[in-house]
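protein_23.tsv follows (TSV, C-alpha atoms):
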```
chain	number	residue	atom	x	y	z
A	961	MET	CA	0.00	0.00	0.00
A	962	PRO	CA	1.30	3.52	-0.78
A	963	THR	CA	1.78	5.96	2.09
A	964	LEU	CA	0.69	9.56	2.58
A	965	THR	CA	2.61	11.43	5.29
A	966	ILE	CA	0.76	14.18	7.17
A	967	ASN	CA	2.68	15.89	9.98
A	968	GLU	CA	4.92	12.82	10.30
A	969	ILE	CA	1.91	10.47	10.44
A	970	ASN	CA	1.98	7.78	7.76
A	971	ILE	CA	-1.45	6.97	6.37
A	972	HIS	CA	-1.65	3.88	4.20
A	973	TYR	CA	-4.00	3.83	1.26
A	974	ASP	CA	-4.74	1.87	-1.88
A	975	THR	CA	-6.00	3.03	-5.25
A	976	LYS	CA	-7.08	0.98	-8.22
A	977	GLY	CA	-8.80	1.64	-11.53
A	978	ASP	CA	-9.62	4.73	-13.58
A	979	GLY	CA	-12.67	6.90	-14.01
A	980	ILE	CA	-14.95	8.69	-11.56
A	981	PRO	CA	-13.26	8.54	-8.10
A	982	ILE	CA	-14.94	6.85	-5.13
A	983	ILE	CA	-13.29	6.97	-1.71
A	984	PHE	CA	-14.40	4.55	1.03
A	985	ILE	CA	-14.38	5.22	4.80
A	986	HIS	CA	-14.34	2.36	7.33
A	987	PRO	CA	-15.76	2.30	10.90
A	988	PRO	CA	-13.72	1.94	14.13
A	989	LEU	CA	-11.42	-1.08	14.61
A	990	LEU	CA	-12.03	-2.35	11.07
A	991	THR	CA	-9.72	-1.24	8.27
A	992	SER	CA	-9.85	-0.64	4.53
A	993	THR	CA	-9.93	-4.43	4.05
A	994	ILE	CA	-13.68	-4.27	4.78
A	995	PHE	CA	-14.01	-2.84	1.25
A	996	LYS	CA	-12.16	-5.67	-0.49
A	997	PHE	CA	-15.16	-6.59	-2.65
A	998	GLN	CA	-15.83	-2.94	-3.54
A	999	LEU	CA	-12.20	-2.36	-4.51
A	1000	GLU	CA	-12.20	-5.38	-6.79
A	1001	HIS	CA	-15.59	-4.66	-8.37
A	1002	PHE	CA	-15.65	-0.90	-8.83
A	1003	SER	CA	-12.04	-0.60	-10.01
A	1004	LYS	CA	-13.20	-2.11	-13.30
A	1005	LYS	CA	-15.23	1.05	-14.03
A	1006	TYR	CA	-14.13	3.70	-11.53
A	1007	LYS	CA	-11.10	4.94	-9.62
A	1008	VAL	CA	-11.39	3.41	-6.14
A	1009	ILE	CA	-9.52	4.75	-3.11
A	1010	THR	CA	-9.44	2.99	0.26
A	1011	PHE	CA	-7.35	3.95	3.28
A	1012	ASP	CA	-6.66	3.05	6.90
A	1013	ILE	CA	-7.71	5.80	9.31
A	1014	ARG	CA	-5.00	6.94	11.72
A	1015	GLY	CA	-4.32	4.33	14.40
A	1016	HIS	CA	-6.03	1.62	12.35
A	1017	GLY	CA	-4.50	-1.14	10.26
A	1018	LYS	CA	-1.20	-0.13	8.73
A	1019	SER	CA	-1.56	3.61	9.43
A	1020	ASP	CA	0.49	5.16	12.23
A	1021	TYR	CA	-0.72	5.86	15.74
A	1022	SER	CA	-1.98	9.43	16.13
A	1023	ASP	CA	-1.04	11.60	19.10
A	1024	GLU	CA	-3.85	13.89	17.98
A	1025	PRO	CA	-7.19	12.39	19.09
A	1026	ILE	CA	-9.29	10.80	16.35
A	1027	THR	CA	-12.23	13.01	15.41
A	1028	TYR	CA	-14.40	13.28	12.33
A	1029	PRO	CA	-12.97	16.69	11.36
A	1030	LEU	CA	-9.45	15.21	11.55
A	1031	ILE	CA	-10.45	12.27	9.35
A	1032	VAL	CA	-12.13	14.64	6.89
A	1033	GLU	CA	-8.97	16.72	6.58
A	1034	ASP	CA	-6.92	13.56	6.02
A	1035	ILE	CA	-9.29	12.61	3.20
A	1036	VAL	CA	-8.85	16.05	1.62
A	1037	ALA	CA	-5.06	15.64	1.87
A	1038	LEU	CA	-5.34	12.22	0.24
A	1039	LEU	CA	-7.43	13.63	-2.62
A	1040	ASP	CA	-4.81	16.35	-3.06
A	1041	GLU	CA	-2.04	13.74	-3.10
A	1042	LEU	CA	-3.83	11.89	-5.89
A	1043	ASN	CA	-4.66	15.10	-7.80
A	1044	ILE	CA	-8.38	14.42	-7.46
A	1045	GLU	CA	-10.56	17.52	-7.44
A	1046	LYS	CA	-13.83	15.76	-6.58
A	1047	ALA	CA	-14.96	12.27	-5.61
A	1048	PHE	CA	-17.97	10.35	-4.44
A	1049	ILE	CA	-17.55	9.92	-0.67
A	1050	CYS	CA	-18.73	6.55	0.62
A	1051	GLY	CA	-18.81	5.39	4.24
A	1052	TYR	CA	-19.95	2.27	6.08
A	1053	SER	CA	-21.62	2.46	9.52
A	1054	THR	CA	-19.95	5.31	11.44
A	1055	GLY	CA	-18.03	5.95	8.24
A	1056	GLY	CA	-21.39	7.12	6.91
A	1057	SER	CA	-21.40	9.86	9.55
A	1058	ILE	CA	-18.04	11.01	8.22
A	1059	VAL	CA	-19.57	11.21	4.73
A	1060	LEU	CA	-22.08	13.72	6.13
A	1061	GLU	CA	-19.34	15.66	7.92
A	1062	PHE	CA	-17.30	15.77	4.71
A	1063	LEU	CA	-20.24	17.09	2.69
A	1064	LEU	CA	-20.80	19.79	5.31
A	1065	GLN	CA	-17.16	20.85	5.58
A	1066	HIS	CA	-15.89	20.41	2.01
A	1067	PRO	CA	-18.84	20.33	-0.39
A	1068	GLU	CA	-16.57	21.63	-3.16
A	1069	ARG	CA	-14.58	18.37	-3.12
A	1070	ALA	CA	-17.51	15.96	-3.57
A	1071	PHE	CA	-19.83	14.85	-6.36
A	1072	GLY	CA	-22.13	13.27	-3.80
A	1073	GLY	CA	-22.30	10.93	-0.83
A	1074	ILE	CA	-23.04	7.25	-0.27
A	1075	VAL	CA	-24.09	6.19	3.24
A	1076	ILE	CA	-24.11	2.46	4.02
A	1077	SER	CA	-25.88	1.62	7.31
A	1078	GLY	CA	-25.00	5.05	8.66
A	1079	MET	CA	-26.43	7.72	10.93
A	1080	SER	CA	-26.33	11.45	11.66
A	1081	GLU	CA	-26.52	10.86	15.42
A	1082	VAL	CA	-26.77	8.01	17.93
A	1083	LYS	CA	-30.19	8.18	19.57
A	1084	ASP	CA	-31.41	4.66	20.36
A	1085	ARG	CA	-30.59	2.69	23.49
A	1086	ILE	CA	-29.32	-0.42	21.69
A	1087	LEU	CA	-26.72	1.41	19.61
A	1088	LYS	CA	-25.62	3.49	22.61
A	1089	LEU	CA	-25.08	0.29	24.58
A	1090	ARG	CA	-23.15	-1.34	21.74
A	1091	LEU	CA	-20.87	1.64	21.31
A	1092	GLY	CA	-20.44	1.88	25.08
A	1093	ALA	CA	-19.38	-1.75	25.22
A	1094	ALA	CA	-16.91	-1.21	22.36
A	1095	ILE	CA	-15.45	1.82	24.15
A	1096	ASN	CA	-15.00	-0.18	27.35
A	1097	LEU	CA	-13.37	-3.05	25.46
A	1098	SER	CA	-10.98	-0.78	23.55
A	1099	ASN	CA	-7.97	-1.36	25.76
A	1100	ASP	CA	-4.91	-3.54	25.36
A	1101	LYS	CA	-6.29	-6.27	27.60
A	1102	THR	CA	-9.72	-6.78	26.05
A	1103	ILE	CA	-9.39	-5.51	22.48
A	1104	PRO	CA	-8.53	-9.01	21.15
A	1105	PHE	CA	-12.05	-10.09	22.19
A	1106	LEU	CA	-13.60	-7.00	20.58
A	1107	THR	CA	-11.59	-7.62	17.42
A	1108	TYR	CA	-12.83	-11.19	17.23
A	1109	MET	CA	-16.47	-10.23	17.71
A	1110	VAL	CA	-16.49	-7.32	15.24
A	1111	THR	CA	-14.60	-9.11	12.48
A	1112	ARG	CA	-16.62	-12.30	12.90
A	1113	GLY	CA	-19.82	-10.29	12.60
A	1114	ASN	CA	-18.64	-8.74	9.34
A	1115	ALA	CA	-17.20	-11.88	7.76
A	1116	ASN	CA	-19.01	-13.87	5.09
A	1117	SER	CA	-16.38	-16.64	5.04
A	1118	SER	CA	-13.36	-17.89	6.99
A	1119	GLN	CA	-11.09	-16.22	4.44
A	1120	THR	CA	-12.78	-12.86	4.92
A	1121	PHE	CA	-12.71	-13.30	8.69
A	1122	ASN	CA	-8.97	-13.97	8.70
A	1123	SER	CA	-8.31	-10.97	6.46
A	1124	LEU	CA	-10.45	-8.60	8.52
A	1125	ARG	CA	-9.03	-9.85	11.80
A	1126	LYS	CA	-5.44	-9.56	10.62
A	1127	GLY	CA	-5.94	-5.92	9.66
A	1128	ALA	CA	-7.87	-5.05	12.82
A	1129	LYS	CA	-5.18	-6.54	15.09
A	1130	GLU	CA	-2.67	-4.02	13.71
A	1131	GLY	CA	-4.62	-1.06	15.11
A	1132	HIS	CA	-3.92	0.94	18.26
A	1133	SER	CA	-6.48	0.61	21.05
A	1134	ILE	CA	-6.28	4.28	22.12
A	1135	ASN	CA	-7.09	5.61	18.64
A	1136	ILE	CA	-9.78	2.97	18.16
A	1137	LYS	CA	-11.38	4.01	21.45
A	1138	GLN	CA	-11.25	7.67	20.41
A	1139	TYR	CA	-13.02	6.87	17.14
A	1140	TYR	CA	-15.77	4.97	19.00
A	1141	LEU	CA	-16.15	7.81	21.52
A	1142	TYR	CA	-16.48	10.49	18.87
A	1143	SER	CA	-18.98	8.37	16.97
A	1144	ARG	CA	-21.22	7.92	20.02
A	1145	ASN	CA	-21.34	11.67	20.68
A	1146	TYR	CA	-21.52	12.97	17.10
A	1147	ASN	CA	-24.68	14.75	15.96
A	1148	CYS	CA	-25.11	16.66	12.70
A	1149	THR	CA	-28.85	16.18	12.28
A	1150	LYS	CA	-29.70	19.87	12.55
A	1151	PHE	CA	-27.29	20.64	9.70
A	1152	LEU	CA	-28.55	18.04	7.21
A	1153	GLN	CA	-30.65	20.60	5.33
A	1154	GLU	CA	-27.43	22.37	4.37
A	1155	ILE	CA	-26.21	19.38	2.32
A	1156	GLN	CA	-27.14	20.04	-1.30
A	1157	HIS	CA	-25.34	17.06	-2.82
A	1158	PRO	CA	-27.16	13.92	-3.93
A	1159	VAL	CA	-26.84	11.24	-1.26
A	1160	LEU	CA	-27.53	7.52	-1.63
A	1161	LEU	CA	-28.79	5.90	1.59
A	1162	THR	CA	-28.47	2.10	1.73
A	1163	TYR	CA	-29.69	-0.01	4.64
A	1164	GLY	CA	-30.39	-3.66	5.28
A	1165	ALA	CA	-34.09	-4.52	5.27
A	1166	LYS	CA	-33.46	-6.78	8.29
A	1167	ASN	CA	-31.46	-4.14	10.18
A	1168	LYS	CA	-34.60	-2.89	11.94
A	1169	THR	CA	-32.88	-0.81	14.62
A	1170	PHE	CA	-31.27	1.34	11.91
A	1171	HIS	CA	-34.45	2.06	9.99
A	1172	GLN	CA	-35.07	5.08	12.21
A	1173	TYR	CA	-31.72	6.49	11.08
A	1174	ALA	CA	-32.59	5.79	7.46
A	1175	GLN	CA	-35.86	7.68	7.82
A	1176	LEU	CA	-34.19	10.53	9.71
A	1177	LEU	CA	-31.72	11.09	6.89
A	1178	HIS	CA	-34.35	10.54	4.21
A	1179	GLU	CA	-36.60	13.22	5.72
A	1180	ASN	CA	-33.86	15.80	6.29
A	1181	LEU	CA	-31.44	15.51	3.38
A	1182	PRO	CA	-32.74	17.70	0.50
A	1183	HIS	CA	-31.59	15.37	-2.31
A	1184	ASN	CA	-31.42	11.70	-1.41
A	1185	GLU	CA	-32.40	8.23	-2.53
A	1186	LEU	CA	-33.22	5.61	0.11
A	1187	ILE	CA	-32.79	1.91	-0.64
A	1188	PHE	CA	-33.47	-1.02	1.68
A	1189	ILE	CA	-31.48	-4.04	0.55
A	1190	GLU	CA	-33.57	-7.20	0.77
A	1191	ASN	CA	-32.44	-9.93	3.21
A	1192	ALA	CA	-29.53	-7.76	4.40
A	1193	LYS	CA	-28.64	-6.78	7.95
A	1194	HIS	CA	-26.02	-4.17	8.93
A	1195	GLN	CA	-22.91	-5.68	7.33
A	1196	ILE	CA	-23.76	-4.92	3.70
A	1197	PRO	CA	-20.25	-4.41	2.17
A	1198	THR	CA	-19.20	-8.00	2.89
A	1199	LYS	CA	-22.48	-9.89	3.13
A	1200	GLU	CA	-24.51	-8.36	0.29
A	1201	PRO	CA	-21.85	-6.84	-1.99
A	1202	LYS	CA	-23.58	-7.51	-5.32
A	1203	LYS	CA	-26.81	-5.76	-4.33
A	1204	LEU	CA	-24.78	-2.89	-2.90
A	1205	HIS	CA	-22.68	-2.60	-6.05
A	1206	ASP	CA	-25.76	-2.48	-8.26
A	1207	ALA	CA	-27.29	0.31	-6.14
A	1208	ILE	CA	-24.11	2.39	-6.09
A	1209	HIS	CA	-23.52	1.99	-9.81
A	1210	ARG	CA	-27.06	3.11	-10.65
A	1211	PHE	CA	-26.69	6.09	-8.29
A	1212	ILE	CA	-23.39	7.28	-9.75
A	1213	GLN	CA	-24.56	6.87	-13.33
A	1214	SER	CA	-27.76	8.82	-12.62
A	1215	TYR	CA	-25.88	11.99	-11.66
A	1216	LYS	CA	-23.75	13.92	-14.10
A	1217	ARG	CA	-20.49	15.35	-12.85
A	1218	GLU	CA	-20.25	19.09	-12.61
```
Let me see the file written as structure tokens.
Amino acid sequence: MPTLTINEINIHYDTKGDGIPIIFIHPPLLTSTIFKFQLEHFSKKYKVITFDIRGHGKSDYSDEPITYPLIVEDIVALLDELNIEKAFICGYSTGGSIVLEFLLQHPERAFGGIVISGMSEVKDRILKLRLGAAINLSNDKTIPFLTYMVTRGNANSSQTFNSLRKGAKEGHSINIKQYYLYSRNYNCTKFLQEIQHPVLLTYGAKNKTFHQYAQLLHENLPHNELIFIENAKHQIPTKEPKKLHDAIHRFIQSYKRE
């Protein structure tokens, strides 16, 4: 993987293919390997960029706490490094929240957004409890257990599990905890009306607890398309990649670049 150095922090990324750029953002603990199927599929038609957030995977530990604004600025630096003026910004789970933050902070650098099982705030008890448990387990003693549970939940095969777990084990527990903490407290709902870009919202039809977040975004984003993927739960990138790919391709092709 190539490396981008920002203030002596090495951020590892991968890029493949040519065409309209799409950059993918992973959630806490997981790494860019969660988008293996997307990298392979979309690179046949588009320019795909994946990267490991600071303190995750092969990227360096960050003395500066992990926040969404910091991640957004790292994405801008990565686009600059690759001489990309605009891209579609795609995020999975809490990575979807970063898509919204990016569109709010740097609308001039995006064609549009793609939110996969994402949210603009954490408001239900179940998700708060899950994030709280992840925060408590994000320490050197218990993070191996958290790593096992998260990667197993996202794996569709033993090969995928081993790949996801290998990448996750390279992360730094402090930065992972910071990412979880910021995600639990983040709230941009009152600013959603300011986002004028087209946004694709994709959720699993069986992921009932997240349907309230789908409806919240659908009702507040001025230009969006909401799709519930049949038979899917939360872990769409690895467990329902074909249906996801079809939805993203149709979305990108339906909007002309400026």
For a quick check of understanding, using all atoms listed in the file, which of A:Ile1196, A:Ile994, A:Leu1141, A:Leu1181 has the smallest distance to Gly1092 (chain A)?
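Closest to Gly1092 (chain A) of all the choices is A:Leu1141.
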May I have the protein, DNA and RNA residues with any atom at most 9 Å from the point (-15.4, -10.3, 4.6), counting all atoms listed in the file, written as a PyMOL selection string?
chain A and resi 993-997+1111-1112+1114-1124+1197-1199
Nearest to Ser1053 (chain A) by atom-to-atom distance, counting only C-alpha atoms, from A:Tyr1173, A:Tyr1108, A:Phe1188, A:Phe1211
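Among A:Tyr1173, A:Tyr1108, A:Phe1188, A:Phe1211, it is A:Tyr1173 that comes nearest to Ser1053 (chain A).
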By how many Å are CA of Asn1099 (chain A) and CA of Asn967 (chain A) apart?
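Interatomic distance, CA of Asn1099 (chain A) to CA of Asn967 (chain A): 25.7 Å.
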From (-31.9, -3.6, 0.7), in the file's coordinates, out to 10 Å: which residues are reached, counting only C-alpha atoms? Answer as a list in words.
Thr1162, Tyr1163, Gly1164, Ala1165, Lys1166, Asn1167, Leu1186, Ile1187, Phe1188, Ile1189, Glu1190, Asn1191, Ala1192, Lys1193, Ile1196, Glu1200, Lys1203, Leu1204 and Ala1207 of chain A
What's around Asp1020 (chain A) at 7 Å? Count only C-alpha atoms, leave out sequence neighbours fewer than 5 positions away in its own chain, and write the answer as a PyMOL selection string.
chain A and resi 969-971+1014-1015
Which value, in Å to one decimal, gives the distance between CA of Pro962 (chain A) and CA of Ile980 (chain A)?
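The value is 20.2 Å.
Of the residues under consideration (A:Glu1185, A:Asp1023, A:Glu1081, A:Asp1012), A:Glu1081 shows the shortest atom-to-atom contact distance to Ser1057 (chain A) when counting only C-alpha atoms.
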Set up a box along x, y and z of the file covering all listed atoms of region 1019-1022 of chain A, add 3 Å on every one of the six sides, and write the centre and edge lengths in Å to one decimal, as AutoDock Vina command-line options.
```
--center_x -0.7 --center_y 6.5 --center_z 12.8 --size_x 8.5 --size_y 11.8 --size_z 12.7
```
Residue completion, region 1057-1084 of chain A, N, CA and C atoms, as a compact mmCIF listing (two decimals), in the coordinates of the input:
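Below is the file rebuild_29.txt, written as the result:
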```
# COMPACT_ATOMS: atom_id res chain seq x y z
N SER A 1057 -21.34 8.56 8.86
CA SER A 1057 -21.40 9.86 9.55
C SER A 1057 -20.30 10.78 9.03
N ILE A 1058 -19.14 10.22 8.73
CA ILE A 1058 -18.04 11.01 8.22
C ILE A 1058 -18.35 11.51 6.81
N VAL A 1059 -19.11 10.74 6.04
CA VAL A 1059 -19.57 11.21 4.73
C VAL A 1059 -20.35 12.51 4.92
N LEU A 1060 -21.27 12.53 5.87
CA LEU A 1060 -22.08 13.72 6.13
C LEU A 1060 -21.21 14.89 6.57
N GLU A 1061 -20.25 14.61 7.46
CA GLU A 1061 -19.34 15.66 7.92
C GLU A 1061 -18.52 16.22 6.75
N PHE A 1062 -18.08 15.34 5.87
CA PHE A 1062 -17.30 15.77 4.71
C PHE A 1062 -18.14 16.68 3.82
N LEU A 1063 -19.38 16.29 3.55
CA LEU A 1063 -20.24 17.09 2.69
C LEU A 1063 -20.56 18.45 3.31
N LEU A 1064 -20.57 18.52 4.63
CA LEU A 1064 -20.80 19.79 5.31
C LEU A 1064 -19.56 20.67 5.29
N GLN A 1065 -18.39 20.08 5.46
CA GLN A 1065 -17.16 20.85 5.58
C GLN A 1065 -16.49 21.15 4.24
N HIS A 1066 -16.58 20.24 3.30
CA HIS A 1066 -15.89 20.41 2.01
C HIS A 1066 -16.80 20.02 0.85
N PRO A 1067 -17.93 20.69 0.70
CA PRO A 1067 -18.84 20.33 -0.39
C PRO A 1067 -18.21 20.49 -1.77
N GLU A 1068 -17.21 21.37 -1.87
CA GLU A 1068 -16.57 21.63 -3.16
C GLU A 1068 -15.72 20.46 -3.65
N ARG A 1069 -15.45 19.49 -2.75
CA ARG A 1069 -14.58 18.37 -3.12
C ARG A 1069 -15.37 17.08 -3.38
N ALA A 1070 -16.70 17.17 -3.42
CA ALA A 1070 -17.51 15.96 -3.57
C ALA A 1070 -18.51 16.08 -4.71
N PHE A 1071 -18.72 14.96 -5.42
CA PHE A 1071 -19.83 14.85 -6.36
C PHE A 1071 -21.12 14.51 -5.62
N GLY A 1072 -20.98 13.71 -4.58
CA GLY A 1072 -22.13 13.27 -3.80
C GLY A 1072 -21.67 12.31 -2.72
N GLY A 1073 -22.63 11.82 -1.93
CA GLY A 1073 -22.30 10.93 -0.83
C GLY A 1073 -23.04 9.61 -0.92
N ILE A 1074 -22.43 8.58 -0.34
CA ILE A 1074 -23.04 7.25 -0.27
C ILE A 1074 -22.92 6.78 1.18
N VAL A 1075 -24.06 6.60 1.83
CA VAL A 1075 -24.09 6.19 3.24
C VAL A 1075 -24.59 4.75 3.31
N ILE A 1076 -23.76 3.88 3.87
CA ILE A 1076 -24.11 2.46 4.02
C ILE A 1076 -24.32 2.18 5.51
N SER A 1077 -25.57 1.93 5.90
CA SER A 1077 -25.88 1.62 7.31
C SER A 1077 -25.35 2.69 8.25
N GLY A 1078 -25.56 3.95 7.88
CA GLY A 1078 -25.00 5.05 8.66
C GLY A 1078 -26.03 5.84 9.43
N MET A 1079 -25.56 6.91 10.10
CA MET A 1079 -26.43 7.72 10.93
C MET A 1079 -25.87 9.13 11.08
N SER A 1080 -26.75 10.08 11.40
CA SER A 1080 -26.33 11.45 11.66
C SER A 1080 -26.17 11.70 13.16
N GLU A 1081 -26.66 10.79 13.97
CA GLU A 1081 -26.52 10.86 15.42
C GLU A 1081 -26.85 9.49 15.99
N VAL A 1082 -26.44 9.25 17.23
CA VAL A 1082 -26.77 8.01 17.93
C VAL A 1082 -27.86 8.34 18.93
N LYS A 1083 -29.06 7.79 18.73
CA LYS A 1083 -30.19 8.18 19.57
C LYS A 1083 -30.93 7.02 20.21
N ASP A 1084 -30.67 5.78 19.78
CA ASP A 1084 -31.41 4.66 20.36
C ASP A 1084 -30.57 3.94 21.41
```
